[in-house]
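Undergrad: protein.txt is reproduced in full below (compact mmCIF, C-alpha atoms (C1' of nucleotides)).
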# COMPACT_ATOMS: atom_id res chain seq x y z
CA MET A 1 4.35 11.48 6.66
CA PRO A 2 0.71 11.86 5.75
CA LYS A 3 -1.02 8.61 6.49
CA LEU A 4 -2.27 8.18 2.98
CA GLU A 5 1.20 8.32 1.50
CA SER A 6 2.47 5.56 3.71
CA GLU A 7 -0.52 3.39 2.91
CA ALA A 8 0.17 3.83 -0.77
CA GLU A 9 3.81 2.96 -0.13
CA PHE A 10 2.72 -0.22 1.53
CA PHE A 11 0.63 -1.30 -1.44
CA LYS A 12 3.33 -0.20 -3.84
CA ALA A 13 5.68 -2.66 -2.19
CA LEU A 14 3.21 -5.42 -3.00
CA ALA A 15 2.52 -4.16 -6.51
CA HIS A 16 5.12 -6.11 -8.46
CA PRO A 17 5.11 -9.81 -9.36
CA SER A 18 8.79 -10.27 -8.48
CA ARG A 19 8.21 -8.88 -5.02
CA LEU A 20 5.24 -11.14 -4.40
CA LEU A 21 7.40 -14.05 -5.47
CA ILE A 22 10.13 -12.96 -3.09
CA LEU A 23 7.62 -12.73 -0.26
CA GLY A 24 6.44 -16.24 -1.05
CA LEU A 25 9.98 -17.55 -1.05
CA CYS A 26 10.84 -15.84 2.22
CA LYS A 27 7.68 -17.16 3.78
CA GLN A 28 8.83 -20.73 3.20
CA LYS A 29 12.13 -20.10 4.92
CA PRO A 30 14.68 -17.30 5.33
CA ARG A 31 16.59 -16.67 2.11
CA HIS A 32 19.63 -14.68 1.14
CA THR A 33 20.05 -12.33 -1.79
CA GLU A 34 21.93 -14.48 -4.28
CA GLU A 35 19.74 -17.46 -3.52
CA ILE A 36 16.67 -15.48 -4.55
CA ALA A 37 18.45 -14.04 -7.56
CA GLY A 38 19.28 -17.56 -8.70
CA ILE A 39 15.69 -18.76 -8.35
CA LEU A 40 14.09 -15.77 -10.03
CA LYS A 41 16.81 -15.35 -12.67
CA LEU A 42 17.37 -11.72 -11.77
CA SER A 43 20.63 -9.97 -11.03
CA LYS A 44 21.58 -9.68 -7.39
CA ALA A 45 21.48 -5.90 -7.76
CA THR A 46 17.83 -6.05 -8.77
CA VAL A 47 16.95 -8.46 -6.00
CA SER A 48 18.76 -6.30 -3.48
CA HIS A 49 16.66 -3.39 -4.67
CA HIS A 50 13.41 -5.31 -4.19
CA LEU A 51 14.50 -6.55 -0.80
CA SER A 52 15.20 -3.01 0.23
CA LEU A 53 11.70 -1.88 -0.77
CA LEU A 54 10.08 -4.80 1.04
CA THR A 55 12.09 -4.13 4.16
CA THR A 56 11.23 -0.44 4.16
CA ALA A 57 7.57 -1.38 3.87
CA GLY A 58 7.96 -3.51 7.00
CA LEU A 59 7.22 -6.75 5.20
CA LEU A 60 10.63 -8.33 5.58
CA GLU A 61 13.33 -8.26 8.19
CA SER A 62 16.84 -9.57 7.86
CA GLU A 63 19.79 -10.68 9.87
CA ARG A 64 23.27 -11.66 8.97
CA ASP A 65 24.49 -15.25 9.12
CA GLN A 66 28.17 -15.53 8.35
CA TYR A 67 28.56 -14.19 4.83
CA TYR A 68 24.84 -14.16 4.14
CA GLN A 69 22.13 -11.62 4.77
CA ASN A 70 18.99 -13.66 5.40
CA TYR A 71 15.58 -12.16 4.80
CA LYS A 72 12.42 -13.47 6.39
CA LEU A 73 8.76 -12.53 6.28
CA LYS A 74 7.16 -10.45 9.00
CA ASN A 75 3.89 -12.26 8.65
CA ALA A 76 1.81 -10.79 11.42
CA LEU A 77 2.44 -7.26 10.32
CA LEU A 78 1.40 -7.95 6.77
CA GLU A 79 -1.94 -9.38 7.74
CA ARG A 80 -2.80 -6.86 10.39
CA LYS A 81 -1.78 -3.91 8.27
CA ILE A 82 -3.94 -4.91 5.35
CA ALA A 83 -6.88 -5.53 7.62
CA ASP A 84 -6.45 -2.19 9.35
CA ILE A 85 -6.14 -0.20 6.18
CA ILE A 86 -9.01 -1.71 4.33
CA PHE A 87 -11.64 -2.35 6.89
CA THR A 88 -11.42 0.75 8.94
CA GLY A 89 -8.71 3.32 8.83
CA LEU A 90 -9.12 3.24 12.47
CA GLU A 91 -8.25 5.40 15.38
CA ASP A 92 -7.64 4.23 18.89
CA PHE A 93 -9.36 6.71 21.12
CA SER A 94 -8.93 4.59 24.22
CA THR A 95 -5.49 5.92 25.08
CA ASN A 96 -6.38 9.48 25.94
CA THR A 97 -7.51 10.28 29.46
CA ASP A 98 -9.65 13.40 29.25
CA PRO A 99 -13.24 12.09 29.56
CA PHE A 100 -14.85 15.03 27.81
CA ARG A 101 -12.46 14.69 24.91
CA THR A 102 -12.97 10.95 24.78
CA LYS A 103 -16.72 11.34 24.68
CA VAL A 104 -16.63 13.95 21.96
CA LEU A 105 -14.34 11.84 19.82
CA ARG A 106 -16.55 8.80 20.32
CA ASP A 107 -19.65 10.80 19.48
CA PHE A 108 -18.37 12.48 16.35
CA PHE A 109 -16.00 9.98 14.80
CA LYS A 110 -16.98 6.70 13.28
CA TYR A 111 -14.29 4.48 11.78
CA GLY A 112 -11.94 7.43 11.71
CA ARG A 113 -14.39 9.65 9.86
CA LEU A 114 -16.02 12.76 11.25
CA THR A 115 -19.75 12.07 11.07
CA GLN A 116 -20.69 15.72 11.47
CA ILE A 117 -19.03 18.96 12.47
CA PRO A 118 -19.99 19.79 16.08
CA VAL A 119 -21.93 23.00 16.48
CA GLN A 120 -20.71 23.73 20.00
CA ARG A 121 -17.42 25.57 19.93
CA LYS A 122 -15.85 23.51 22.72
CA LYS A 123 -16.64 20.22 21.02
CA ARG A 124 -15.63 21.54 17.66
CA ASN A 125 -12.21 22.45 19.02
CA VAL A 126 -11.70 18.89 20.18
CA VAL A 127 -12.32 17.44 16.75
CA LEU A 128 -10.21 20.10 15.07
CA GLU A 129 -7.32 19.32 17.38
CA LYS A 130 -7.77 15.68 16.49
CA ILE A 131 -7.70 16.40 12.77
CA VAL A 132 -4.65 18.65 12.92
CA GLN A 133 -2.67 15.73 14.32
CA SER A 134 -2.57 14.27 10.84
CA PHE A 135 -0.30 17.13 9.82
CA GLU A 136 3.40 17.05 10.41
CA PHE A 137 5.33 19.89 11.95
CA ASP A 138 8.07 21.42 9.78
CA HIS A 139 6.33 20.55 6.55
CA ALA A 140 5.02 22.97 3.94
CA TYR A 141 1.66 21.83 2.58
CA PRO A 142 0.17 23.24 -0.61
CA GLU A 143 -3.57 23.70 -0.37
CA LYS A 144 -4.19 20.60 -2.45
CA GLU A 145 -2.49 18.40 0.11
CA VAL A 146 -4.31 20.11 2.96
CA ASN A 147 -7.61 19.35 1.31
CA GLN A 148 -6.68 15.74 0.72
CA ILE A 149 -5.76 15.18 4.33
CA ILE A 150 -8.92 16.79 5.62
CA LEU A 151 -10.96 14.78 3.14
CA GLU A 152 -9.96 11.65 4.97
CA PHE A 153 -12.09 12.96 7.81
CA HIS A 154 -14.94 14.88 6.21
CA ASP A 155 -16.30 16.10 2.89
CA ASP A 156 -16.50 19.74 3.82
CA PHE A 157 -12.78 20.32 3.69
CA ALA A 158 -13.19 24.04 3.02
CA THR A 159 -14.99 24.70 6.29
CA ILE A 160 -12.60 22.60 8.31
CA ARG A 161 -9.56 24.15 6.68
CA ARG A 162 -10.87 27.60 7.52
CA GLU A 163 -11.52 26.61 11.11
CA LEU A 164 -8.05 25.13 11.51
CA ILE A 165 -6.61 28.46 10.41
CA GLY A 166 -9.01 30.43 12.61
CA LEU A 167 -8.13 28.39 15.67
CA GLY A 168 -4.45 28.94 14.99
CA LEU A 169 -3.73 25.25 14.50
CA LEU A 170 -2.60 25.79 10.92
CA HIS A 171 -0.78 28.80 9.54
CA ARG A 172 -1.23 30.05 5.99
CA GLU A 173 1.23 32.12 4.02
CA ASN A 174 1.32 32.58 0.24
CA GLY A 175 -0.95 29.60 -0.24
CA ILE A 176 1.37 27.37 1.79
CA TYR A 177 0.16 25.83 5.02
CA THR A 178 2.18 24.74 8.04
CA ARG A 179 1.21 23.19 11.33
CA VAL A 180 1.61 25.57 14.25
CA THR A 181 3.63 24.38 17.23
CA THR A 182 1.49 24.22 20.34
CA MET B 1 0.79 -18.12 -13.72
CA PRO B 2 -1.92 -15.57 -14.23
CA LYS B 3 -2.77 -15.62 -10.54
CA LEU B 4 0.36 -13.84 -9.49
CA GLU B 5 0.02 -11.19 -12.15
CA SER B 6 -3.52 -10.39 -11.15
CA GLU B 7 -2.56 -10.18 -7.49
CA ALA B 8 0.09 -7.65 -8.43
CA GLU B 9 -2.44 -5.75 -10.53
CA PHE B 10 -4.77 -5.60 -7.58
CA PHE B 11 -2.11 -4.08 -5.35
CA LYS B 12 -0.95 -1.77 -8.11
CA ALA B 13 -4.42 -0.30 -8.28
CA LEU B 14 -4.16 0.51 -4.58
CA ALA B 15 -0.60 1.79 -4.86
CA HIS B 16 -1.29 5.47 -5.49
CA PRO B 17 -2.49 8.11 -3.01
CA SER B 18 -4.98 9.61 -5.44
CA ARG B 19 -6.57 6.25 -6.04
CA LEU B 20 -6.91 5.56 -2.33
CA LEU B 21 -8.55 8.94 -2.01
CA ILE B 22 -10.91 8.13 -4.85
CA LEU B 23 -11.82 4.82 -3.24
CA GLY B 24 -12.53 6.63 0.00
CA LEU B 25 -14.74 9.17 -1.74
CA CYS B 26 -16.63 6.51 -3.67
CA LYS B 27 -17.10 4.49 -0.53
CA GLN B 28 -19.00 7.36 1.07
CA LYS B 29 -21.37 7.66 -1.87
CA PRO B 30 -21.32 7.26 -5.65
CA ARG B 31 -19.39 10.06 -7.35
CA HIS B 32 -18.95 11.18 -10.91
CA THR B 33 -15.74 12.06 -12.70
CA GLU B 34 -15.80 15.84 -12.60
CA GLU B 35 -16.96 15.83 -9.00
CA ILE B 36 -13.87 13.88 -8.01
CA ALA B 37 -11.64 16.01 -10.21
CA GLY B 38 -12.94 19.11 -8.47
CA ILE B 39 -12.32 17.76 -5.00
CA LEU B 40 -8.85 16.42 -5.71
CA LYS B 41 -7.83 19.30 -7.97
CA LEU B 42 -6.86 17.01 -10.79
CA SER B 43 -7.89 17.23 -14.42
CA LYS B 44 -10.84 15.13 -15.42
CA ALA B 45 -8.58 13.28 -17.86
CA THR B 46 -6.37 12.15 -15.01
CA VAL B 47 -9.29 11.18 -12.84
CA SER B 48 -10.81 9.25 -15.70
CA HIS B 49 -7.53 7.38 -16.00
CA HIS B 50 -7.52 6.44 -12.32
CA LEU B 51 -11.15 5.42 -12.45
CA SER B 52 -10.38 3.18 -15.37
CA LEU B 53 -7.59 1.44 -13.46
CA LEU B 54 -9.74 0.98 -10.39
CA THR B 55 -12.57 -0.41 -12.46
CA THR B 56 -10.28 -2.84 -14.26
CA ALA B 57 -9.00 -4.02 -10.90
CA GLY B 58 -12.60 -4.73 -9.94
CA LEU B 59 -12.65 -2.21 -7.13
CA LEU B 60 -15.20 0.16 -8.65
CA GLU B 61 -18.27 -0.22 -10.79
CA SER B 62 -20.18 2.53 -12.51
CA GLU B 63 -23.53 3.32 -14.00
CA ARG B 64 -24.84 6.25 -15.89
CA ASP B 65 -27.30 8.71 -14.43
CA GLN B 66 -28.43 11.31 -16.94
CA TYR B 67 -25.28 13.11 -17.97
CA TYR B 68 -23.15 11.59 -15.22
CA GLN B 69 -21.16 8.40 -14.94
CA ASN B 70 -21.36 7.49 -11.28
CA TYR B 71 -18.70 5.31 -9.73
CA LYS B 72 -19.22 3.34 -6.58
CA LEU B 73 -17.15 0.96 -4.53
CA LYS B 74 -17.56 -2.75 -5.11
CA ASN B 75 -17.34 -3.48 -1.45
CA ALA B 76 -17.94 -7.17 -1.73
CA LEU B 77 -15.08 -7.85 -4.07
CA LEU B 78 -12.67 -5.68 -2.19
CA GLU B 79 -13.42 -7.38 1.07
CA ARG B 80 -13.39 -10.86 -0.37
CA LYS B 81 -10.08 -10.29 -2.06
CA ILE B 82 -8.50 -8.85 1.04
CA ALA B 83 -10.03 -11.60 3.10
CA ASP B 84 -8.46 -14.17 0.82
CA ILE B 85 -5.08 -12.68 1.39
CA ILE B 86 -5.58 -12.51 5.12
CA PHE B 87 -6.93 -16.04 5.44
CA THR B 88 -4.22 -17.73 3.59
CA GLY B 89 -1.36 -15.34 4.10
CA LEU B 90 0.87 -15.50 1.11
CA GLU B 91 0.05 -19.11 0.49
CA ASP B 92 -1.38 -18.31 -2.90
CA PHE B 93 1.84 -16.77 -4.08
CA SER B 94 4.00 -19.75 -3.36
CA THR B 95 4.08 -22.96 -5.31
CA ASN B 96 2.56 -25.56 -3.02
CA THR B 97 -1.00 -25.12 -1.80
CA ASP B 98 -2.69 -27.69 0.36
CA PRO B 99 -6.42 -27.53 -0.42
CA PHE B 100 -7.48 -28.96 2.92
CA ARG B 101 -5.41 -26.43 4.77
CA THR B 102 -6.74 -23.59 2.63
CA LYS B 103 -10.32 -24.65 3.24
CA VAL B 104 -9.87 -24.94 6.98
CA LEU B 105 -8.30 -21.50 7.16
CA ARG B 106 -11.12 -20.02 5.14
CA ASP B 107 -13.71 -21.73 7.30
CA PHE B 108 -12.32 -20.76 10.66
CA PHE B 109 -10.69 -17.38 10.14
CA LYS B 110 -12.55 -14.20 9.43
CA TYR B 111 -10.63 -10.98 8.95
CA GLY B 112 -7.61 -12.55 10.57
CA ARG B 113 -9.53 -13.68 13.66
CA LEU B 114 -10.31 -17.24 14.63
CA THR B 115 -14.10 -17.46 14.71
CA GLN B 116 -14.12 -20.66 16.74
CA ILE B 117 -11.68 -23.35 17.78
CA PRO B 118 -12.19 -26.42 15.57
CA VAL B 119 -13.28 -29.52 17.42
CA GLN B 120 -11.73 -31.97 14.99
CA ARG B 121 -8.11 -32.63 15.82
CA LYS B 122 -6.89 -32.41 12.23
CA LYS B 123 -8.53 -29.06 11.63
CA ARG B 124 -7.44 -27.78 15.00
CA ASN B 125 -3.85 -28.53 14.13
CA VAL B 126 -4.11 -26.45 10.98
CA VAL B 127 -5.28 -23.37 12.83
CA LEU B 128 -2.71 -23.86 15.58
CA GLU B 129 0.05 -24.07 12.99
CA LYS B 130 -1.30 -20.90 11.50
CA ILE B 131 -1.28 -19.10 14.82
CA VAL B 132 2.21 -20.20 15.77
CA GLN B 133 3.54 -18.45 12.68
CA SER B 134 3.08 -15.16 14.47
CA PHE B 135 5.87 -16.18 16.80
CA GLU B 136 9.49 -15.65 15.95
CA PHE B 137 12.12 -18.31 16.18
CA ASP B 138 15.02 -17.53 18.50
CA HIS B 139 12.97 -15.26 20.72
CA ALA B 140 12.12 -15.73 24.39
CA TYR B 141 8.51 -14.77 25.12
CA PRO B 142 7.24 -14.18 28.63
CA GLU B 143 3.75 -15.56 29.14
CA LYS B 144 2.20 -12.11 28.98
CA GLU B 145 3.50 -11.59 25.44
CA VAL B 146 2.34 -15.02 24.39
CA ASN B 147 -1.14 -14.20 25.58
CA GLN B 148 -1.15 -10.88 23.77
CA ILE B 149 -0.21 -12.46 20.49
CA ILE B 150 -2.81 -15.21 20.82
CA LEU B 151 -5.43 -12.63 21.80
CA GLU B 152 -5.11 -11.14 18.34
CA PHE B 153 -6.65 -14.35 17.06
CA HIS B 154 -9.06 -15.46 19.78
CA ASP B 155 -10.22 -14.53 23.27
CA ASP B 156 -9.58 -17.92 24.80
CA PHE B 157 -5.82 -17.53 24.86
CA ALA B 158 -5.37 -20.00 27.70
CA THR B 159 -6.77 -22.93 25.74
CA ILE B 160 -4.84 -22.06 22.62
CA ARG B 161 -1.61 -21.55 24.54
CA ARG B 162 -2.00 -24.95 26.16
CA GLU B 163 -2.68 -26.57 22.80
CA LEU B 164 0.37 -24.97 21.22
CA ILE B 165 2.51 -26.45 23.97
CA GLY B 166 0.78 -29.81 23.71
CA LEU B 167 1.32 -30.00 19.97
CA GLY B 168 4.98 -29.18 20.44
CA LEU B 169 4.76 -25.94 18.48
CA LEU B 170 5.79 -23.86 21.48
CA HIS B 171 8.21 -24.87 24.20
CA ARG B 172 7.88 -23.71 27.80
CA GLU B 173 10.69 -23.49 30.31
CA ASN B 174 10.67 -21.50 33.57
CA GLY B 175 7.71 -19.46 32.39
CA ILE B 176 9.53 -18.51 29.18
CA TYR B 177 8.17 -19.62 25.83
CA THR B 178 10.03 -20.24 22.58
CA ARG B 179 8.89 -21.34 19.17
CA VAL B 180 10.03 -24.82 18.28
CA THR B 181 11.89 -25.28 15.02
CA THR B 182 10.02 -27.66 12.73
C1' DT C 1 -31.90 15.47 -36.39
C1' DA C 2 -28.99 18.81 -34.05
C1' DT C 3 -27.15 20.24 -29.84
C1' DC C 4 -25.61 19.98 -25.20
C1' DT C 5 -22.75 18.01 -21.60
C1' DG C 6 -19.91 15.20 -19.13
C1' DA C 7 -16.59 11.17 -20.05
C1' DT C 8 -13.10 9.22 -22.50
C1' DT C 9 -9.25 9.02 -25.56
C1' DC C 10 -5.23 11.01 -27.81
C1' DG C 11 -0.73 13.28 -28.03
C1' DG C 12 3.01 14.79 -25.53
C1' DT C 13 6.03 15.59 -21.46
C1' DA C 14 8.02 14.85 -16.94
C1' DT C 15 8.70 11.55 -13.43
C1' DT C 16 9.18 7.06 -11.52
C1' DT C 17 10.47 2.37 -11.78
C1' DG C 18 12.87 -2.05 -13.05
C1' DT C 19 16.87 -3.74 -14.64
C1' DC C 20 21.84 -4.76 -15.24
C1' DA C 21 27.03 -4.30 -15.01
C1' DA C 22 30.53 -2.41 -12.51
C1' DA C 23 32.28 -0.25 -8.46
C1' DT C 24 32.15 -0.05 -3.62
C1' DC C 25 31.18 -1.72 0.96
C1' DA C 26 31.45 -4.58 5.11
C1' DA C 27 31.56 -8.63 7.78
C1' DA C 28 34.09 -12.89 8.39
C1' DT C 29 38.34 -15.05 8.54
C1' DA C 30 43.11 -16.26 7.31
C1' DT D 1 46.29 -6.63 8.66
C1' DA D 2 45.02 -8.48 4.21
C1' DT D 3 41.86 -11.32 1.76
C1' DT D 4 37.64 -13.36 0.63
C1' DT D 5 32.84 -13.12 -0.35
C1' DG D 6 28.25 -11.88 -0.55
C1' DA D 7 25.46 -7.37 -0.31
C1' DT D 8 24.66 -2.86 -1.52
C1' DT D 9 25.19 1.30 -4.12
C1' DT D 10 26.05 3.81 -8.36
C1' DG D 11 25.22 5.06 -13.01
C1' DA D 12 22.91 4.40 -17.14
C1' DC D 13 19.04 3.27 -19.87
C1' DA D 14 14.46 1.53 -21.31
C1' DA D 15 9.77 0.98 -20.00
C1' DA D 16 5.87 2.29 -17.48
C1' DT D 17 3.18 5.79 -15.25
C1' DA D 18 0.97 10.34 -13.94
C1' DC D 19 -0.45 14.22 -15.62
C1' DC D 20 -2.47 17.86 -18.63
C1' DG D 21 -4.93 20.22 -22.64
C1' DA D 22 -7.26 19.36 -26.70
C1' DA D 23 -9.93 16.46 -29.58
C1' DT D 24 -13.36 13.06 -29.81
C1' DC D 25 -17.13 10.25 -28.18
C1' DA D 26 -21.77 9.05 -26.59
C1' DG D 27 -25.86 9.46 -24.05
C1' DA D 28 -29.48 12.86 -23.06
C1' DT D 29 -32.49 16.28 -24.61
C1' DA D 30 -34.64 19.69 -27.55
Could you write out this file's structure as structure tokens?
TA:
Amino acid sequence: MPKLESEAEFFKALAHPSRLLILGLCKQKPRHTEEIAGILKLSKATVSHHLSLLTTAGLLESERDQYYQNYKLKNALLERKIADIIFTGLEDFSTNTDPFRTKVLRDFFKYGRLTQIPVQRKKRNVVLEKIVQSFEFDHAYPEKEVNQIILEFHDDFATIRRELIGLGLLHRENGIYTRVTT
Amino acid sequence: MPKLESEAEFFKALAHPSRLLILGLCKQKPRHTEEIAGILKLSKATVSHHLSLLTTAGLLESERDQYYQNYKLKNALLERKIADIIFTGLEDFSTNTDPFRTKVLRDFFKYGRLTQIPVQRKKRNVVLEKIVQSFEFDHAYPEKEVNQIILEFHDDFATIRRELIGLGLLHRENGIYTRVTT
DNA sequence: TATCTGATTCGGTATTTGTCAAATCAAATA
DNA sequence: TATTTGATTTGACAAATACCGAATCAGATA
């Protein structure tokens, strides 16, 4: 899933008054479906629907207690996720071990954005390999989506798209792009 | 309560991939409508629509430059709004808000991190109660995990861990920690 | 004033979303 | 196993939303 889509999903989960109310209720204490439906004067079907969205977004978790399915807030995740998304967009480069690669990524990325396209071929390959990781295997991307993903890294999406093709990291056929298995 | 509605509006504005893209583009530098439409391959009517929503939500502001209407990110508002949510969690969405507690959280947390440990006992208790909420009930934490969680808030995990025990918010037995039911 | 140019608004369509009642499901328990 | 009970899923419908092309608007400029 392209990162941007999942971020939008996250906000979408928060983008309805009833769901914010439900989060507030579940923050106070774990609640079950009919309990919430009673408080908010909504049908249990509707509440179940909202609870499902909130759970998928990672904001709630639930466990069964006798007849009841109790939902409670996953507080830490909510706060960290919002902070991550808004303030940076960030990448953790510390996990990879290749020192050259680490240095190049440190030098050319700032807050997840490519500050400039490296001129040296070897360095350029490193950043291109980094960028291509935002594409899923087994997914057909129209050019519009390709551009959007690359735009998260750098303005000059046309150049980068061309390079990704040239390096054999992306494959293009009939205007549809796919990530090449390495 | 208008508060809840406007919170939902705020998230709704962020709840679409194109709008996140637009925010990203306008964060880099001011952009005008057709420029964005060209990059995202959307009609200028659609982009104008998104820009309108983002402006209404207070995320963008615009000014005219010759023929162009340039939109730029209102960084301050975005960050303040997000910060509010992070400081107080979902407090604002629920019914009861303790003003003292809210103020202490605002004063001592920045972007989800504890800027310093309050000296006053009463204030310190507020931040400790805030921190303990990142722990689950009915879960056995080894000390290492406890430290990791506290480290997300402040570097001096040893002091905070000791205080959490002392206040009776965490319970320690044989090196295993559990959150105490209140 | 008349014209040019980018932005916005309008009209219309396709898609998504919120909602409920009814049917179905699944865990607990008799 | 059969029953009870709350949760979820299904199906239907209305409302909201995303999107586009065309018409209109408004500031800039001649």
Undergrad: Using all atoms listed in the file, determine which residues of chain B fall within 9 Å of chain D; present them as a tab-separated table (two decimals) with C-alpha atoms, keeping the file's coordinate frame.
TA:
chain	number	residue	atom	x	y	z
B	42	LEU	CA	-6.86	17.01	-10.79
B	43	SER	CA	-7.89	17.23	-14.42
B	45	ALA	CA	-8.58	13.28	-17.86
B	46	THR	CA	-6.37	12.15	-15.01
B	64	ARG	CA	-24.84	6.25	-15.89
B	66	GLN	CA	-28.43	11.31	-16.94
B	67	TYR	CA	-25.28	13.11	-17.97
Undergrad: Please check the contacts: residues of chain C at most 12 Å away from chain B, using only C-alpha atoms (C1' of nucleotides), listed as a ChimeraX atom specification.
TA: /C:4-10
Undergrad: Record the distance separating atom CA of Leu59 of chain A and atom CA of Lys74 of chain A, expressed in Å with one decimal.
TA: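 Computed distance, atom CA of Leu59 of chain A to atom CA of Lys74 of chain A, equals 5.3 Å.
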Undergrad: Around the point (-7.8, -21.8, 10.3) in the file's coordinates, collect all residues with an atom within 6 Å, using all atoms listed in the file, and return them as a PyMOL selection string.
TA: chain B and resi 104-105+108-109+126-127
Undergrad: Compile the contact shell of Thr56 of chain B as an MDAnalysis selection string: residues with an atom at most 12 Å away, counting all atoms listed in the file, same-chain residues fewer than 6 positions apart removed.
TA: chainID B and resid 6 9:10 12:14 49:50 62 74
Undergrad: Here is a test: counting all atoms listed in the file, which residue of A:Glu152, A:Glu136, A:Glu173, A:Asp107 is nearest to chain B?
TA: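 So, comparing all the options, the nearest one is A:Glu152.
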Undergrad: Which distance in Å separates atom CA of Asp155 of chain A and atom CA of Ala57 of chain A, to one decimal?
TA: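 Calculated distance between atom CA of Asp155 of chain A and atom CA of Ala57 of chain A is 29.6 Å.
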Undergrad: Mind giving me the straight-line distance from atom CA of Lys72 of chain B to atom CA of Phe11 of chain A in Å, one decimal?
TA: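 Between atom CA of Lys72 of chain B and atom CA of Phe11 of chain A the gap works out to 21.0 Å.
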Undergrad: With distances taken over only C-alpha atoms, which of A:Glu63, A:Asp156, A:Glu5, A:Glu163 is nearest to Glu129 of chain A?
TA: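 Distance minimum relative to Glu129 of chain A lands on A:Glu163.
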Undergrad: Find the residue from A:Lys103, A:Glu143, A:Asn125, A:Ile117 that sits nearest to chain B; use only C-alpha atoms when measuring.
TA: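 Of all the options, A:Glu143 lies closest to chain B.
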Undergrad: Choose the residue, out of A:Ala140, A:Leu53, A:Ala158, A:Ile176, that has the smallest atom-to-atom separation from chain B; count only C-alpha atoms.
TA: A:Ala158
Undergrad: Quick one: of A:Lys123, A:Lys41, A:His154, A:Arg31, who's nearest to chain B, counting all atoms listed in the file?
TA: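 Checking each candidate against chain B, we get A:His154 as the closest.
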Undergrad: For chain B, which residue out of A:Leu164, A:Val180, A:Val47, A:Leu114 is the nearest one, using only C-alpha atoms?
TA: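 Between A:Leu164, A:Val180, A:Val47, A:Leu114, the residue approaching chain B most closely is A:Leu114.
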